[in-house]
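Input: a single structure, listed below in structure tokens.
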Amino acid sequence: MAGAAGTTGTGLKDATAIVGIGQTAFAKRLDEDERTLACRAVLAALDDAGIAPGEVDALASYTMEETDEVELAKAVGFGDLTFFSRIPYGGGGSCATVAHLAAAIATGQATVGVAWRSRKRGSGPRPWKNTVTQLPTPAQWTRPFGLLRPADEIAMLARRYMHEYGATRDHLFNVALACRNRANQNPAAIMYDRPLTREMYMTSRWISEPLCLFDNCLETDGALACVIVSRERARDCRRRPVYVHSTAQGLPAQHHGMVNYWNDDPLTGPAWTAARHLWKHADVTPQEVDVAQIYDAFTPLVPLSLEGYGFCGRGEGGAFTEGGALEIGGLLPLNTGGGGLSEAYVHGFNLINEGVKQLRGTSTAQVPGAATCLVTAGEGVPTSALLLRN
């Protein structure tokens, strides 16, 4: 007996859709606490979908989220919850929040899911400054030797990538510039009114060589959320549905966060593992993707992800950025809201919402006729990805 469309026989393919998105303002400092920001983003997403808070029965967020399910449910006015999950590894968990809810809804565990992330990183403390607690095991192999921050760890990978494949700072600038150009079109972006030039990039201060100021993401206060329902329910919602076509998480064998010490090839990160699963369950190929929202906490993650997700060959990620390839009208328009580098850094959740905007046709930097969008979570850590289509 044949199963319902999108479930038995076809897995999760197009079985669910994102029908609502919401966000707060983004800033270096916001006065409201993280819980209040979370509530505002969730209520905005539900209003966008035309769904009452009492209908929500599933939640997903990050293990690093400070607002817990009980607080959010009481404050917003949810009904009984039948599914809730948390995904670890910081920015690597962004797309997995949607993936977990899609799986729960497609299998009948819930009917209306909300994923969210609220963060006060701009005005809050830096996690690596806490020297009181014992180092986690992976950090014992990095921090005593000077790799204190994520920027230091990614800088080491970037230097190896430049040495082995001839990537240059101009290639990293291409990434930073594409994100800044899109932010300059987005009034909600922190860098909306601040253009970037090559001279500014090349003369900026080092953060962790070869990464300069503009190779690093913003420090942001803000919150975002989205609402996921079944394909059938999506037809009755307020906004045009954006279907969750394929999802994946990726944790490669012998992985060591950021630096990949134990891998045969440290430059073959979690993106490669996630990509194999993502494309295996998709009806499209990388070459058929119209626009991409690729996690950009640091510029080198973009060429590494371009290779991992199959847009170019090994070692070709730097060259792929040349000739305006990442701009509107290029081979692969990238991070069209400005990304973590120039819109806001909220652990990658703004990339999910921007992907929805592109497929609704409402982005401030709209790609004409966009029908498919790849959204990725953090490369360098156990990661996740979404393939969305309208």
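Chain labels follow the order of the structure tokens: the first chain is A, the next B, and so on; residue numbering restarts at 1 in every chain, and ligands are counted from 1 in their shown order.
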
Quick one: everything within 12 Å of Arg121 (chain A), counting only C-alpha atoms, minus sequence neighbours fewer than 5 positions away in the same chain. Send it as a PyMOL selection string. chain A and resi 26-30+33-34+64-66+126-127+217-223+344-347

Picked from region 45-263 of chain A by DSSP as alpha helix (DSSP H), as a PyMOL selection string: chain A and resi 45-49+69-76+94-106+150-165+169-183+198-202+231-234

Got a sec to tell me which of region 42-214 of chain A DSSP assigns to strand (DSSP E or B), as an MDAnalysis selection string? chainID A and resid 58:62 83:87 112:120 206:208 211:212

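Among the candidates A:Ala371, A:Val175, A:Ala271, A:Leu341, the one nearest to Leu326 (chain A) when counting only C-alpha atoms is A:Val175.
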
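Of the listed residues A:Asn186, A:Asn350, A:Thr203, A:Gln254, the one whose atoms come nearest to Ser363 (chain A) is A:Asn186, with distances taken using only C-alpha atoms.
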
Which residues are close to Ala176 (chain A), i.e. within 7 Å by only C-alpha atoms, leaving aside same-chain residues fewer than 5 positions away? Reply as an MDAnalysis selection string. chainID A and resid 214:215 299 341

Requested write-out: N, CA and C atoms of the selected residues, as an mmCIF file, in the first residue's frame:
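For reference, again-v2.cif as written:
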```cif
data_model
loop_
_atom_site.group_PDB
_atom_site.id
_atom_site.type_symbol
_atom_site.label_atom_id
_atom_site.label_comp_id
_atom_site.auth_asym_id
_atom_site.auth_seq_id
_atom_site.Cartn_x
_atom_site.Cartn_y
_atom_site.Cartn_z
ATOM 1 N N PHE A 214 38.031 41.919 8.374
ATOM 2 C CA PHE A 214 36.871 41.682 7.520
ATOM 3 C C PHE A 214 36.698 40.216 7.120
ATOM 4 N N ASP A 215 37.595 39.357 7.581
ATOM 5 C CA ASP A 215 37.433 37.910 7.389
ATOM 6 C C ASP A 215 36.617 37.284 8.515
ATOM 7 N N THR A 299 35.658 33.993 6.377
ATOM 8 C CA THR A 299 35.647 33.904 4.914
ATOM 9 C C THR A 299 36.184 32.573 4.381
ATOM 10 N N LEU A 341 28.921 37.770 8.020
ATOM 11 C CA LEU A 341 29.975 38.759 7.882
ATOM 12 C C LEU A 341 29.446 40.183 7.881
#
```

Excluding region 169-171 of chain A and any residue of its chain fewer than 3 positions from it, enumerate the residues within 10 Å of it, using only C-alpha atoms, and give them as a PyMOL selection string. chain A and resi 158+162+166+174-177+198+201-202+210-212+215+299-300+303+317-322

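Checking A:Phe84, A:Phe349, A:Trp272, A:Phe311 one by one against Leu224 (chain A), counting only C-alpha atoms, you find the shortest gap at A:Phe349.
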
From the list A:His245, A:Ser342, A:Thr97, A:Glu316, which residue is nearest Leu213 (chain A) when using only C-alpha atoms? A:Ser342

Mind checking which residues fall within 9 Å of Ile18 (chain A), counting only C-alpha atoms, ignoring those fewer than 4 positions away in the same chain, and posting them as a PDB file with N, CA, C and O atoms, in the first residue's frame?
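Heads up, here's the output in result-v2.pdb:
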```pdb
ATOM      1  N   ALA A  49       3.119  33.399   9.554  1.00  0.00           N
ATOM      2  CA  ALA A  49       2.479  32.180   9.045  1.00  0.00           C
ATOM      3  C   ALA A  49       0.963  32.198   9.196  1.00  0.00           C
ATOM      4  O   ALA A  49       0.270  31.392   8.560  1.00  0.00           O
ATOM      5  N   VAL A  98      15.722  22.878  11.800  1.00  0.00           N
ATOM      6  CA  VAL A  98      14.632  22.696  10.840  1.00  0.00           C
ATOM      7  C   VAL A  98      14.505  21.225  10.458  1.00  0.00           C
ATOM      8  O   VAL A  98      13.397  20.687  10.345  1.00  0.00           O
ATOM      9  N   CYS A 226      11.623  30.434  12.811  1.00  0.00           N
ATOM     10  CA  CYS A 226      10.827  30.029  11.658  1.00  0.00           C
ATOM     11  C   CYS A 226       9.828  28.964  12.076  1.00  0.00           C
ATOM     12  O   CYS A 226       9.991  28.305  13.104  1.00  0.00           O
ATOM     13  N   VAL A 227       8.785  28.806  11.277  1.00  0.00           N
ATOM     14  CA  VAL A 227       7.684  27.890  11.562  1.00  0.00           C
ATOM     15  C   VAL A 227       7.615  26.840  10.466  1.00  0.00           C
ATOM     16  O   VAL A 227       7.647  27.179   9.272  1.00  0.00           O
ATOM     17  N   ILE A 228       7.517  25.562  10.869  1.00  0.00           N
ATOM     18  CA  ILE A 228       7.481  24.439   9.931  1.00  0.00           C
ATOM     19  C   ILE A 228       6.191  23.654  10.146  1.00  0.00           C
ATOM     20  O   ILE A 228       5.815  23.362  11.286  1.00  0.00           O
ATOM     21  N   VAL A 229       5.511  23.319   9.046  1.00  0.00           N
ATOM     22  CA  VAL A 229       4.292  22.502   9.092  1.00  0.00           C
ATOM     23  C   VAL A 229       4.345  21.486   7.960  1.00  0.00           C
ATOM     24  O   VAL A 229       5.252  21.501   7.124  1.00  0.00           O
ATOM     25  N   SER A 230       3.348  20.614   7.891  1.00  0.00           N
ATOM     26  CA  SER A 230       3.285  19.630   6.817  1.00  0.00           C
ATOM     27  C   SER A 230       2.968  20.303   5.482  1.00  0.00           C
ATOM     28  O   SER A 230       2.455  21.430   5.435  1.00  0.00           O
ATOM     29  N   ALA A 234       0.554  23.535   4.876  1.00  0.00           N
ATOM     30  CA  ALA A 234       1.195  24.722   4.316  1.00  0.00           C
ATOM     31  C   ALA A 234       0.312  25.412   3.276  1.00  0.00           C
ATOM     32  O   ALA A 234       0.386  26.635   3.104  1.00  0.00           O
ATOM     33  N   ARG A 240       3.446  32.121   1.051  1.00  0.00           N
ATOM     34  CA  ARG A 240       3.841  31.092   0.092  1.00  0.00           C
ATOM     35  C   ARG A 240       4.775  30.102   0.781  1.00  0.00           C
ATOM     36  O   ARG A 240       5.783  30.491   1.376  1.00  0.00           O
ATOM     37  N   PRO A 241       4.478  28.813   0.730  1.00  0.00           N
ATOM     38  CA  PRO A 241       5.332  27.839   1.422  1.00  0.00           C
ATOM     39  C   PRO A 241       6.676  27.650   0.721  1.00  0.00           C
ATOM     40  O   PRO A 241       6.777  27.734  -0.506  1.00  0.00           O
ATOM     41  N   VAL A 242       7.691  27.396   1.523  1.00  0.00           N
ATOM     42  CA  VAL A 242       9.009  27.042   1.007  1.00  0.00           C
ATOM     43  C   VAL A 242       9.298  25.630   1.504  1.00  0.00           C
ATOM     44  O   VAL A 242       9.403  25.395   2.715  1.00  0.00           O
ATOM     45  N   TYR A 243       9.405  24.683   0.581  1.00  0.00           N
ATOM     46  CA  TYR A 243       9.469  23.275   0.941  1.00  0.00           C
ATOM     47  C   TYR A 243      10.877  22.843   1.363  1.00  0.00           C
ATOM     48  O   TYR A 243      11.879  23.260   0.777  1.00  0.00           O
ATOM     49  N   VAL A 244      10.904  22.011   2.398  1.00  0.00           N
ATOM     50  CA  VAL A 244      12.161  21.418   2.854  1.00  0.00           C
ATOM     51  C   VAL A 244      12.395  20.187   1.982  1.00  0.00           C
ATOM     52  O   VAL A 244      11.850  19.116   2.226  1.00  0.00           O
ATOM     53  N   VAL A 356      14.486  31.508   2.811  1.00  0.00           N
ATOM     54  CA  VAL A 356      13.028  31.555   2.645  1.00  0.00           C
ATOM     55  C   VAL A 356      12.629  32.807   1.867  1.00  0.00           C
ATOM     56  O   VAL A 356      11.788  32.752   0.950  1.00  0.00           O
TER      57      VAL A 356
END
```

Test item: residues at most 10 Å from region 331-339 of chain A, only C-alpha atoms, excluding those fewer than 6 positions along its chain, as a ChimeraX atom specification: /A:175-192,217-218,286-297,302,306,311,320-325,345-346,348-351,353-355,357-358,363-367,373-375

Near region 276-283 of chain A, counting only C-alpha atoms, which residues have an atom at most 9 Å away, once you skip same-chain residues fewer than 2 positions from it, shown as number ranges by chain? A: 10-13, 245-250, 271-274, 285-286, 308-309, 385-387

Can you write out the residues you just picked, keeping N, CA, C and O atoms, as an mmCIF file, in the first residue's frame?
```
data_model
loop_
_atom_site.group_PDB
_atom_site.id
_atom_site.type_symbol
_atom_site.label_atom_id
_atom_site.label_comp_id
_atom_site.auth_asym_id
_atom_site.auth_seq_id
_atom_site.Cartn_x
_atom_site.Cartn_y
_atom_site.Cartn_z
ATOM 1 N N THR A 10 9.595 8.135 -0.110
ATOM 2 C CA THR A 10 10.366 9.312 -0.508
ATOM 3 C C THR A 10 10.992 10.017 0.680
ATOM 4 O O THR A 10 11.499 11.115 0.544
ATOM 5 N N GLY A 11 10.953 9.405 1.855
ATOM 6 C CA GLY A 11 11.574 10.016 3.016
ATOM 7 C C GLY A 11 10.937 11.341 3.372
ATOM 8 O O GLY A 11 9.721 11.480 3.401
ATOM 9 N N LEU A 12 11.781 12.333 3.628
ATOM 10 C CA LEU A 12 11.287 13.645 4.052
ATOM 11 C C LEU A 12 11.152 14.633 2.895
ATOM 12 O O LEU A 12 10.791 15.784 3.106
ATOM 13 N N LYS A 13 11.423 14.182 1.699
ATOM 14 C CA LYS A 13 11.481 15.068 0.544
ATOM 15 C C LYS A 13 10.171 15.839 0.338
ATOM 16 O O LYS A 13 9.128 15.244 0.047
ATOM 17 N N HIS A 245 13.213 20.352 0.962
ATOM 18 C CA HIS A 245 13.390 19.302 -0.040
ATOM 19 C C HIS A 245 14.330 18.203 0.438
ATOM 20 O O HIS A 245 14.080 17.019 0.232
ATOM 21 N N SER A 246 15.435 18.594 1.075
ATOM 22 C CA SER A 246 16.408 17.619 1.559
ATOM 23 C C SER A 246 17.128 18.208 2.759
ATOM 24 O O SER A 246 17.330 19.424 2.834
ATOM 25 N N THR A 247 17.503 17.343 3.696
ATOM 26 C CA THR A 247 18.232 17.783 4.883
ATOM 27 C C THR A 247 19.384 16.826 5.165
ATOM 28 O O THR A 247 19.374 15.682 4.700
ATOM 29 N N ALA A 248 20.352 17.304 5.914
ATOM 30 C CA ALA A 248 21.479 16.433 6.275
ATOM 31 C C ALA A 248 22.216 16.996 7.478
ATOM 32 O O ALA A 248 22.236 18.210 7.706
ATOM 33 N N GLN A 249 22.801 16.107 8.256
ATOM 34 C CA GLN A 249 23.813 16.458 9.243
ATOM 35 C C GLN A 249 25.099 15.729 8.866
ATOM 36 O O GLN A 249 25.064 14.730 8.141
ATOM 37 N N GLY A 250 26.228 16.225 9.354
ATOM 38 C CA GLY A 250 27.499 15.615 8.983
ATOM 39 C C GLY A 250 28.520 15.658 10.094
ATOM 40 O O GLY A 250 28.873 16.740 10.583
ATOM 41 N N ALA A 271 31.399 19.359 5.976
ATOM 42 C CA ALA A 271 30.561 19.674 4.815
ATOM 43 C C ALA A 271 30.534 18.520 3.815
ATOM 44 O O ALA A 271 29.497 18.242 3.204
ATOM 45 N N TRP A 272 31.659 17.848 3.643
ATOM 46 C CA TRP A 272 31.718 16.751 2.684
ATOM 47 C C TRP A 272 30.813 15.600 3.105
ATOM 48 O O TRP A 272 30.118 14.998 2.276
ATOM 49 N N THR A 273 30.790 15.298 4.396
ATOM 50 C CA THR A 273 29.920 14.232 4.900
ATOM 51 C C THR A 273 28.451 14.618 4.755
ATOM 52 O O THR A 273 27.626 13.827 4.284
ATOM 53 N N ALA A 274 28.105 15.845 5.157
ATOM 54 C CA ALA A 274 26.718 16.304 5.037
ATOM 55 C C ALA A 274 26.278 16.344 3.579
ATOM 56 O O ALA A 274 25.141 15.965 3.248
ATOM 57 N N THR A 285 20.892 18.796 -8.475
ATOM 58 C CA THR A 285 22.340 18.729 -8.288
ATOM 59 C C THR A 285 22.862 20.108 -7.873
ATOM 60 O O THR A 285 22.143 21.110 -7.980
ATOM 61 N N PRO A 286 24.115 20.186 -7.417
ATOM 62 C CA PRO A 286 24.659 21.502 -7.070
ATOM 63 C C PRO A 286 24.560 22.506 -8.213
ATOM 64 O O PRO A 286 24.323 23.695 -7.979
ATOM 65 N N GLY A 308 33.115 21.317 -0.648
ATOM 66 C CA GLY A 308 32.438 20.228 0.049
ATOM 67 C C GLY A 308 31.070 19.926 -0.509
ATOM 68 O O GLY A 308 30.669 18.760 -0.619
ATOM 69 N N TYR A 309 30.321 20.965 -0.880
ATOM 70 C CA TYR A 309 28.963 20.769 -1.394
ATOM 71 C C TYR A 309 28.913 20.602 -2.908
ATOM 72 O O TYR A 309 27.832 20.555 -3.485
ATOM 73 N N ALA A 385 22.724 20.904 6.884
ATOM 74 C CA ALA A 385 22.407 21.656 5.666
ATOM 75 C C ALA A 385 20.954 21.410 5.282
ATOM 76 O O ALA A 385 20.355 20.385 5.633
ATOM 77 N N LEU A 386 20.416 22.379 4.550
ATOM 78 C CA LEU A 386 19.051 22.301 4.018
ATOM 79 C C LEU A 386 19.071 22.615 2.540
ATOM 80 O O LEU A 386 19.794 23.513 2.104
ATOM 81 N N LEU A 387 18.273 21.898 1.787
ATOM 82 C CA LEU A 387 18.000 22.270 0.416
ATOM 83 C C LEU A 387 16.524 22.662 0.357
ATOM 84 O O LEU A 387 15.647 21.822 0.613
#
```

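Atom pair CA of Asp57 (chain A) / CA of Asp236 (chain A): separated by 18.0 Å.
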